[in-house]
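K.L.:
Can you keep this structure in mind? I'll have questions shortly.
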Amino acid sequence: MARQISATPESWPLVQPFAISRGVKTVAEVVVAEVTEDSAAGRGECVPYAHYGETIEGVLNAIRGYDPSGGRAGLASNLPPGAARNALDCAFWDLEAKRDRKRVWELTGTALPEPTVTAETISLGTTKEMAAAAARLSRNPLIKVKLDAENVVERMRVVRRNAPEARLIIDPNESWDLDLLYDIVQVLAELG
């Protein structure tokens, strides 16, 4: 049987709103791509971002319009980088791994992956909300902190106070300018 591609939108309500400098999300809108071949199915998903000119409908159309005979190898020359290509790439890897009864790392010829530390994210919020989130995540070794250009030092101080051992990643999502960065960089460095 020839390969077939399908794509489906899904909505997942978030337990709590997730805020960054560009806005607030209450629902995760994802697109699931599926590539089937004989009795095997590979799946991948993506989140289209309006910030990058993507829409759910546009990503669905791009996935559904891709010629599955091109496989994973044809993605780079037929789809631009972005959500649709990501979902299909994952789906093709998943299909190949299931079909060959191997893990993706085996298919790539790389060594068994080592466990890795990933960051949990503190959503942009009031100082009190961010302090509470940092306290909940205080045992995590790596925390990403979403910020905008307001109350940066105050927010980072309460995060550091409530998660004193964690490595911190600051993510202002393009909301800072150089003047602000120059004003706060020394304090941020001192906070670690």
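Residues in the structure tokens are numbered from 1 in each chain, the chains being A, B, ... in the order shown, and ligands are numbered from 1 in the order shown.
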Quick one: pick out all helix (DSSP H, G or I) residues within region 24-96 of chain A from a backbone DSSP run and write them as a ChimeraX atom specification.
P.N.:
/A:50-52,56-64,68-70,72-78,83-96
K.L.:
Can you list every residue in region 1-189 of chain A that DSSP puts in strand (DSSP E or B), as an MDAnalysis selection string?
P.N.:
chainID A and resid 4:20 23:37 40:46 120:122 142:146 167:171
K.L.:
Output C-alpha atoms of each residue in that selection to a file, as a compact mmCIF listing (two decimals), in the first residue's frame.
P.N.:
```
# COMPACT_ATOMS: atom_id res chain seq x y z
CA GLN A 4 -0.69 8.30 2.92
CA ILE A 5 -0.61 11.53 4.89
CA SER A 6 -3.29 13.04 7.08
CA ALA A 7 -3.35 16.02 9.41
CA THR A 8 -5.72 16.84 12.24
CA PRO A 9 -6.04 19.92 14.46
CA GLU A 10 -6.30 19.38 18.21
CA SER A 11 -7.01 21.77 21.10
CA TRP A 12 -5.72 21.11 24.58
CA PRO A 13 -6.90 23.41 27.39
CA LEU A 14 -4.02 24.43 29.65
CA VAL A 15 -4.31 23.84 33.39
CA GLN A 16 -3.39 27.48 33.90
CA PRO A 17 -2.79 30.35 31.48
CA PHE A 18 0.74 30.55 30.02
CA ALA A 19 1.98 34.11 29.51
CA ILE A 20 4.94 35.49 27.61
CA GLY A 23 0.47 37.39 24.95
CA VAL A 24 -1.31 34.72 26.96
CA LYS A 25 -2.34 31.21 25.92
CA THR A 26 -5.13 29.28 27.59
CA VAL A 27 -5.26 26.49 24.99
CA ALA A 28 -2.53 24.65 23.12
CA GLU A 29 -3.58 24.50 19.47
CA VAL A 30 -1.60 21.72 17.79
CA VAL A 31 -1.61 19.92 14.46
CA VAL A 32 -0.98 16.18 14.39
CA ALA A 33 0.49 14.75 11.19
CA GLU A 34 0.16 11.04 10.46
CA VAL A 35 2.00 9.09 7.77
CA THR A 36 0.70 5.56 7.16
CA GLU A 37 2.26 2.78 5.15
CA ALA A 40 2.34 1.09 10.31
CA ALA A 41 1.60 4.68 11.26
CA GLY A 42 4.02 7.43 12.22
CA ARG A 43 2.88 10.52 14.06
CA GLY A 44 4.33 13.94 14.68
CA GLU A 45 2.89 17.16 15.97
CA CYS A 46 3.55 20.86 15.80
CA GLU A 120 10.67 23.83 33.23
CA THR A 121 9.19 27.24 32.52
CA ILE A 122 7.84 29.92 34.80
CA LEU A 142 17.10 24.21 35.31
CA ILE A 143 14.30 26.77 35.10
CA LYS A 144 13.35 29.06 32.21
CA VAL A 145 11.83 32.37 33.30
CA LYS A 146 9.50 34.23 30.91
CA ARG A 167 20.31 27.39 36.88
CA LEU A 168 18.12 30.06 35.33
CA ILE A 169 17.40 30.83 31.69
CA ILE A 170 15.86 34.24 31.05
CA ASP A 171 13.52 34.44 28.06
```
K.L.:
Give me, please, the distance in Å between CA of Thr126 (chain A) and CA of Val159 (chain A), quoted to one decimal.
P.N.:
11.3 Å
K.L.:
Report as a PyMOL selection string all protein, DNA and RNA residues lying within 9 Å of Val158 (chain A), evaluated on only C-alpha atoms, omitting residues in the same chain fewer than 6 positions from it.
P.N.:
chain A and resi 127-128+130-132+134
K.L.:
How would the residues just chosen look if you wrote them out with N, CA and C atoms as a compact mmCIF listing (two decimals), in the first residue's frame?
P.N.:
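Wrote it out as part.txt, contents follow:
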```
# COMPACT_ATOMS: atom_id res chain seq x y z
N THR A 127 4.80 39.46 40.42
CA THR A 127 5.93 39.03 41.24
C THR A 127 5.51 37.91 42.18
N LYS A 128 4.34 38.03 42.76
CA LYS A 128 3.85 37.01 43.69
C LYS A 128 3.62 35.68 42.96
N MET A 130 5.05 34.63 40.20
CA MET A 130 6.32 34.07 39.77
C MET A 130 7.12 33.52 40.95
N ALA A 131 6.99 34.14 42.11
CA ALA A 131 7.64 33.62 43.31
C ALA A 131 7.05 32.26 43.68
N ALA A 132 5.74 32.14 43.62
CA ALA A 132 5.08 30.86 43.93
C ALA A 132 5.48 29.79 42.93
N ALA A 134 8.28 29.66 41.21
CA ALA A 134 9.67 29.30 41.48
C ALA A 134 9.77 28.37 42.69
```
K.L.:
Report, in Å with one decimal, the straight-line distance from CA of Leu107 (chain A) to CA of Leu88 (chain A).
P.N.:
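That distance, rounded to one decimal, is 16.8 Å.
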K.L.:
Hey, which of A:Pro81, A:Ala91, A:Thr110, A:Val152 ends up closest to Val185 (chain A)? Count only C-alpha atoms.
P.N.:
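With only C-alpha atoms as the atom set, the closest residue is A:Val152.
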K.L.:
Which of these, A:Leu112, A:Cys90, A:Leu181, A:Ala83, has the shortest distance to Glu54 (chain A) once you count only C-alpha atoms?
P.N.:
A:Ala83
K.L.:
Give the answer as one residue: which of A:Gly74, A:Ser21, A:Gly58, A:Arg3 has the shortest atom-to-atom distance to Gly125 (chain A), using only C-alpha atoms?
P.N.:
A:Ser21
K.L.:
Which residues of region 58-106 of chain A come within 10 Å of region 47-51 of chain A, and what is each one's closest atom pair and distance in Å (one decimal), counting only C-alpha atoms, sorted by chain and residue number, as a Markdown table?
P.N.:
```
| residue | atom | partner | partner_atom | distance |
| --- | --- | --- | --- | --- |
| A:Gly58 | CA | A:Pro48 | CA | 8.7 |
| A:Val59 | CA | A:Pro48 | CA | 6.9 |
| A:Leu60 | CA | A:Pro48 | CA | 9.6 |
| A:Gly82 | CA | A:Pro48 | CA | 7.9 |
| A:Ala83 | CA | A:Pro48 | CA | 5.5 |
| A:Ala84 | CA | A:Pro48 | CA | 7.9 |
| A:Asn86 | CA | A:Val47 | CA | 9.4 |
| A:Ala87 | CA | A:Val47 | CA | 8.8 |
```
K.L.:
Filtering to C-alpha atoms, could you give me those residues as a PDB file, in the first residue's frame?
P.N.:
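Okay, this is what ended up in result.pdb:
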```pdb
ATOM      1  CA  GLY A  58      -2.030  26.858   6.513  1.00  0.00           C
ATOM      2  CA  VAL A  59      -0.111  24.116   8.319  1.00  0.00           C
ATOM      3  CA  LEU A  60      -2.902  21.592   7.731  1.00  0.00           C
ATOM      4  CA  GLY A  82       8.456  25.604  10.235  1.00  0.00           C
ATOM      5  CA  ALA A  83       5.649  23.771  11.924  1.00  0.00           C
ATOM      6  CA  ALA A  84       4.418  21.651   8.988  1.00  0.00           C
ATOM      7  CA  ASN A  86       8.609  19.638  11.741  1.00  0.00           C
ATOM      8  CA  ALA A  87       5.452  17.569  12.198  1.00  0.00           C
TER       9      ALA A  87
END
```
K.L.:
What gap, in Å, lies between CA of Leu124 (chain A) and CA of Ala163 (chain A)?
P.N.:
16.0 Å
K.L.:
Point out the residue among A:Asn140, A:Val187, A:Arg72, A:Tyr182 with the least atom-to-atom distance to Asp94 (chain A), counting only C-alpha atoms.
P.N.:
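Using only C-alpha atoms, Asp94 (chain A) sits closest to A:Arg72.
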K.L.:
I'd like the contact shell of Thr116 (chain A) - 12 Å cut-off, only C-alpha atoms, skipping same-chain residues fewer than 3 positions apart - returned as a list in words.
P.N.:
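The contact residues come out as Pro113, Ala119, Pro141 and Leu142 of chain A.
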K.L.:
How would the residues just chosen look if you wrote them out with C-alpha atoms as a compact mmCIF listing (two decimals), in the first residue's frame?
P.N.:
```txt
# COMPACT_ATOMS: atom_id res chain seq x y z
CA PRO A 113 21.21 8.96 24.26
CA ALA A 119 14.08 23.30 31.72
CA PRO A 141 18.03 22.01 38.29
CA LEU A 142 17.10 24.21 35.31
```
